[in-house]
Structures are given as structure tokens and as C-alpha cells.
>>> print(open('data-v8.csv').read())   # CSV, C-alpha atoms and all ligand atoms
chain,number,residue,atom,x,y,z
A,1,MET,CA,0.0,0.0,0.0
A,2,SER,CA,2.6,2.6,1.1
A,3,ASP,CA,4.9,1.3,-1.8
A,4,LYS,CA,2.2,2.0,-4.3
A,5,LEU,CA,1.7,5.5,-2.8
A,6,SER,CA,5.4,6.2,-2.9
A,7,GLN,CA,5.5,5.1,-6.6
A,8,ARG,CA,2.6,7.4,-7.4
A,9,TYR,CA,4.3,10.3,-5.6
A,10,GLN,CA,7.5,9.6,-7.5
A,11,ARG,CA,5.6,9.8,-10.8
A,12,ILE,CA,3.9,13.0,-9.7
A,13,TYR,CA,7.1,14.5,-8.5
A,14,ASP,CA,8.8,13.8,-11.8
A,15,GLN,CA,5.9,15.3,-13.7
A,16,ILE,CA,5.8,18.5,-11.5
A,17,GLN,CA,9.5,18.9,-11.9
A,18,VAL,CA,9.2,19.0,-15.7
A,19,LEU,CA,6.2,21.3,-15.6
A,20,LEU,CA,7.7,23.8,-13.2
A,21,LYS,CA,10.7,24.4,-15.5
A,22,ASP,CA,8.6,26.6,-17.7
A,23,THR,CA,8.4,29.5,-15.2
A,24,GLU,CA,10.1,31.3,-12.3
A,25,ASP,CA,6.7,32.6,-11.2
A,26,LYS,CA,5.7,31.2,-7.8
A,27,ILE,CA,2.0,31.6,-8.2
A,28,ALA,CA,2.1,29.7,-11.5
A,29,LYS,CA,4.1,27.0,-9.7
A,30,MET,CA,1.6,26.8,-6.9
A,31,ALA,CA,-1.3,26.6,-9.3
A,32,THR,CA,0.4,23.7,-11.2
A,33,VAL,CA,1.3,21.8,-8.0
A,34,SER,CA,-2.2,22.1,-6.6
A,35,ALA,CA,-3.8,21.0,-9.9
A,36,VAL,CA,-1.5,18.0,-10.3
A,37,LEU,CA,-1.7,16.8,-6.7
A,38,HIS,CA,-5.5,17.3,-6.4
A,39,HIS,CA,-6.3,15.4,-9.6
A,40,LYS,CA,-3.9,12.5,-9.0
A,41,MET,CA,-4.5,11.8,-5.3
A,42,PRO,CA,-7.9,10.4,-4.5
A,43,HIS,CA,-7.6,11.1,-0.8
A,44,PHE,CA,-7.1,14.8,-1.3
A,45,PHE,CA,-10.3,16.8,-0.8
A,46,TRP,CA,-8.8,20.4,-0.7
A,47,THR,CA,-5.3,21.0,-2.0
A,48,GLY,CA,-3.7,24.4,-2.0
A,49,PHE,CA,-1.5,27.2,-0.6
A,50,TYR,CA,-1.7,29.9,2.0
A,51,ILE,CA,0.8,32.8,1.5
A,52,LEU,CA,2.2,34.8,4.4
A,53,LYS,CA,1.7,38.5,3.8
A,54,ASN,CA,2.0,41.2,6.5
A,55,ASP,CA,1.4,38.7,9.3
A,56,ARG,CA,-1.6,37.2,7.6
A,57,LEU,CA,-2.1,33.9,5.8
A,58,ILE,CA,-3.9,34.7,2.5
A,59,VAL,CA,-5.3,32.0,0.3
A,60,GLY,CA,-3.2,31.3,-2.8
A,61,PRO,CA,-3.8,28.9,-5.7
A,62,TYR,CA,-6.0,25.9,-4.8
A,63,GLN,CA,-8.2,23.1,-6.0
A,64,GLY,CA,-11.3,22.0,-4.1
A,65,SER,CA,-14.3,23.7,-2.4
A,66,VAL,CA,-14.2,27.4,-1.7
A,67,ALA,CA,-11.8,28.1,1.2
A,68,CYS,CA,-11.3,30.8,3.8
A,69,LEU,CA,-9.7,33.8,2.2
A,70,GLU,CA,-7.6,34.8,5.2
A,71,LEU,CA,-6.4,33.0,8.3
A,72,SER,CA,-5.4,36.1,10.3
A,73,GLU,CA,-5.6,35.0,14.0
A,74,LYS,CA,-2.5,32.8,14.4
A,75,LYS,CA,-4.5,29.8,15.3
A,76,GLY,CA,-5.3,26.5,13.5
A,77,VAL,CA,-3.2,24.0,11.6
A,78,CYS,CA,-1.7,26.4,8.9
A,79,TRP,CA,-0.5,28.9,11.5
A,80,SER,CA,0.9,26.0,13.6
A,81,GLY,CA,3.0,25.0,10.5
A,82,VAL,CA,4.2,28.6,10.1
A,83,LEU,CA,5.0,29.3,13.8
A,84,HIS,CA,6.8,26.0,14.3
A,85,LYS,CA,8.4,25.9,10.8
A,86,LYS,CA,7.6,22.2,10.7
A,87,THR,CA,5.1,19.9,8.9
A,88,VAL,CA,1.9,19.3,10.9
A,89,VAL,CA,0.0,16.1,10.4
A,90,VAL,CA,-3.5,16.1,11.9
A,91,PRO,CA,-5.3,12.7,12.0
A,92,ASP,CA,-8.5,14.3,13.3
A,93,VAL,CA,-9.0,18.0,12.8
A,94,HIS,CA,-11.8,18.1,15.3
A,95,GLN,CA,-9.3,17.4,18.0
A,96,PHE,CA,-6.9,20.1,16.9
A,97,PRO,CA,-7.1,23.2,19.1
A,98,GLY,CA,-8.1,26.3,17.1
A,99,HIS,CA,-8.6,24.3,13.9
A,100,ILE,CA,-10.2,26.5,11.3
A,101,ALA,CA,-13.0,24.6,9.4
A,102,CYS,CA,-13.3,26.2,5.9
A,103,ASP,CA,-15.3,23.1,4.9
A,104,SER,CA,-17.0,20.9,7.6
A,105,ARG,CA,-16.4,17.8,5.4
A,106,SER,CA,-12.6,17.9,6.1
A,107,ASN,CA,-11.6,15.4,8.7
A,108,SER,CA,-7.8,15.2,8.5
A,109,GLU,CA,-5.1,17.6,7.3
A,110,ILE,CA,-1.4,18.1,6.5
A,111,VAL,CA,0.4,21.4,6.4
A,112,VAL,CA,3.9,21.8,5.0
A,113,PRO,CA,5.7,25.1,5.4
A,114,LEU,CA,7.3,26.8,2.4
A,115,LYS,CA,10.6,28.5,3.1
A,116,ASN,CA,12.8,30.9,1.2
A,117,LYS,CA,16.6,30.6,0.7
A,118,GLU,CA,17.1,32.3,4.1
A,119,GLY,CA,14.9,29.7,5.8
A,120,SER,CA,12.1,32.1,6.6
A,121,VAL,CA,8.6,30.7,6.1
A,122,THR,CA,6.7,32.3,3.2
A,123,GLY,CA,3.5,30.2,3.3
A,124,VAL,CA,2.2,26.7,3.5
A,125,LEU,CA,1.1,23.9,1.3
A,126,ASP,CA,-2.2,22.6,2.9
A,127,VAL,CA,-4.0,19.4,2.0
A,128,ASP,CA,-7.3,18.3,3.6
A,129,SER,CA,-9.0,14.9,3.4
A,130,ARG,CA,-12.5,13.8,4.1
A,131,LYS,CA,-11.1,10.6,5.6
A,132,PHE,CA,-9.8,10.6,9.1
A,133,ASN,CA,-6.1,9.7,9.5
A,134,ALA,CA,-5.5,10.1,5.7
A,135,PHE,CA,-1.9,11.3,5.8
A,136,THR,CA,1.0,9.1,6.5
A,137,ALA,CA,4.8,9.5,6.7
A,138,VAL,CA,4.8,8.8,3.0
A,139,ASP,CA,2.6,11.8,2.3
A,140,LYS,CA,4.8,13.9,4.6
A,141,GLU,CA,8.0,12.9,2.9
A,142,TRP,CA,6.8,13.6,-0.6
A,143,LEU,CA,4.8,16.7,0.1
A,144,GLU,CA,7.9,18.2,1.8
A,145,LYS,CA,10.0,17.3,-1.4
A,146,ILE,CA,7.3,18.8,-3.6
A,147,ALA,CA,7.2,22.0,-1.4
A,148,LEU,CA,10.9,22.5,-2.1
A,149,LEU,CA,10.2,22.8,-5.8
A,150,ILE,CA,8.1,26.0,-5.4
A,201,LIG,N1,-7.9,24.1,8.3
A,201,LIG,C1,-7.0,25.1,8.1
A,201,LIG,C2,-7.6,26.3,7.4
A,201,LIG,C3,-7.4,26.2,5.9
A,201,LIG,S1,-8.4,25.0,5.2
A,201,LIG,O1,-8.1,23.7,5.7
A,201,LIG,C4,-8.5,25.1,3.5
A,201,LIG,C5,-6.4,25.6,9.5
A,201,LIG,O2,-6.9,25.2,10.5
A,201,LIG,O3,-5.5,26.4,9.5
>>> encode(input="data-v8.csv", output="C-alpha cells", more="lines below")
Ligand code: SME
Amino acid sequence: MSDKLSQRYQRIYDQIQVLLKDTEDKIAKMATVSAVLHHKMPHFFWTGFYILKNDRLIVGPYQGSVACLELSEKKGVCWSGVLHKKTVVVPDVHQFPGHIACDSRSNSEIVVPLKNKEGSVTGVLDVDSRKFNAFTAVDKEWLEKIALLI
């Protein structure tokens, strides 16, 4: 099971790497990453980016249902990824203090921080699933690799 998932991620990673060569523009890259991941990963229900601007997390390119436009209160899963500068895997979002429910159908979530060359966080890659406990160490490993391509 996790071997199959790794192989799928490897194929997606290779495809994204090729596609992203066409531009230096970060928004175009984020749009492409969210589209490829969302359409190739059946367990992804919402797939996208929040961008850190003036101490606010503003929604960036995404695929899925309409999301919260701003996450400004330093709470929830995305802010946790920003503040701790680490990937956050949440098996049950209803148990996560301060979780922001943009869509009540989401039940688990993974947030991977994006960093610039200096190591400062510039935003997050955020994926929600309707399944509980949808994200494993395999998702974490590959989404972290993919985030480095932005
Ligand atoms: N659940 C996130 C908010 C963004 S949505 O999942 C698209 C959070 O708690 O930060």
C-alpha cells in the first residue's frame, strides 16, 4: 500500500519537476502543483496554498471547495506550521485546538511550510481529506519534497 503510494508520488514528483521548469513565477508553480496533486491523489479533498503576507495567511492557488480567504488569527493548523516551521500532520482536525474549518467535510489535514533561501517561512502547502487519518509518513516525505520545488 505505502509502496504504491510512494511510486505514485515519484511519478507525480517527476511530472511536477518537468512542468515547473517553464516558469520562475511562484503563483504559477503553486497553481500547477495544486492541480496535479489534487487530480492525481484520490484522498485529497482540498489542495492548495496559503501565502504569508503582512502577518496574515492569505489563500493562494488551490483546488477544491471554496476556502477561507484569510487566516489572520495565528490559530489553526496552517498557523501552527508557520509558527513551528515544521510539517503538521493532523489525523482528526476536530481534536486540533483552534482548527479553522473552511469546509466541515474535512476530517484530517497536513500542512507543509514553504521556506525561502534564508529559511524564513513564506507560506504553506495545505491538504485536507474527508477521511480521518488520511496522511502518513509517505505523504509527509513527498509533500515536503514537492514544497521544495516551489
Ligand atoms: N484548516 C486550516 C484552514 C485552511 S483550510 O483547511 C483550507 C487551518 O486550521 O489552518
>>> residues_around(input="data-v8.csv", residues="Tyr13 of chain A", least_positions_apart="3", cutoff="9 Å", atoms="only C-alpha atoms", output="short mmCIF file (atom, residue, chain, number, x, y, z; two decimals) with C-alpha atoms, in the coordinates of the input")
data_model
loop_
_atom_site.label_atom_id
_atom_site.label_comp_id
_atom_site.auth_asym_id
_atom_site.auth_seq_id
_atom_site.Cartn_x
_atom_site.Cartn_y
_atom_site.Cartn_z
CA ARG A 8 2.60 7.40 -7.40
CA TYR A 9 4.30 10.30 -5.60
CA GLN A 10 7.50 9.60 -7.50
CA ILE A 16 5.80 18.50 -11.50
CA GLN A 17 9.50 18.90 -11.90
CA VAL A 18 9.20 19.00 -15.70
CA TRP A 142 6.80 13.60 -0.60
CA LYS A 145 10.00 17.30 -1.40
CA ILE A 146 7.30 18.80 -3.60
#
>>> closest_residue(input="data-v8.csv", among="A:Gly119, A:Pro91, A:Pro113, A:Gly98", to="Ala147 of chain A", atoms="only C-alpha atoms")
A:Pro113
>>> closest_atom_pairs(input="data-v8.csv", of="chain A", to="ligand LIG 201 (chain A)", cutoff="6 Å", atoms="all atoms listed in the file", output="JSON lines")
{"residue": "A:Ala67", "atom": "CA", "partner": "A:LIG201", "partner_atom": "C4", "distance": 5.0}
{"residue": "A:Gly76", "atom": "CA", "partner": "A:LIG201", "partner_atom": "O2", "distance": 3.6}
{"residue": "A:Val77", "atom": "CA", "partner": "A:LIG201", "partner_atom": "O3", "distance": 3.9}
{"residue": "A:Cys78", "atom": "CA", "partner": "A:LIG201", "partner_atom": "O3", "distance": 3.8}
{"residue": "A:Trp79", "atom": "CA", "partner": "A:LIG201", "partner_atom": "O3", "distance": 5.9}
{"residue": "A:His99", "atom": "CA", "partner": "A:LIG201", "partner_atom": "O2", "distance": 3.9}
{"residue": "A:Ile100", "atom": "CA", "partner": "A:LIG201", "partner_atom": "O2", "distance": 3.6}
{"residue": "A:Ala101", "atom": "CA", "partner": "A:LIG201", "partner_atom": "N1", "distance": 5.2}
{"residue": "A:Cys102", "atom": "CA", "partner": "A:LIG201", "partner_atom": "S1", "distance": 5.1}
{"residue": "A:Asp128", "atom": "CA", "partner": "A:LIG201", "partner_atom": "O1", "distance": 5.8}
>>> closest_residue(input="data-v8.csv", among="A:Ile150, A:Val93, A:Val59, A:Ala31", to="Lys131 of chain A", atoms="all atoms listed in the file")
A:Val93
>>> closest_residue(input="data-v8.csv", among="A:Asp55, A:Ile110, A:His39, A:Gly123", to="Ile27 of chain A", atoms="only C-alpha atoms")
A:Gly123
>>> residues_around(input="data-v8.csv", residues="Leu114 of chain A", least_positions_apart="5", cutoff="6 Å", atoms="all atoms listed in the file", output="PDB file with C-alpha atoms, in the coordinates of the input")
ATOM      1  CA  VAL A 121       8.600  30.700   6.100  1.00  0.00           C
ATOM      2  CA  THR A 122       6.700  32.300   3.200  1.00  0.00           C
ATOM      3  CA  GLY A 123       3.500  30.200   3.300  1.00  0.00           C
ATOM      4  CA  VAL A 124       2.200  26.700   3.500  1.00  0.00           C
TER       5      VAL A 124
END
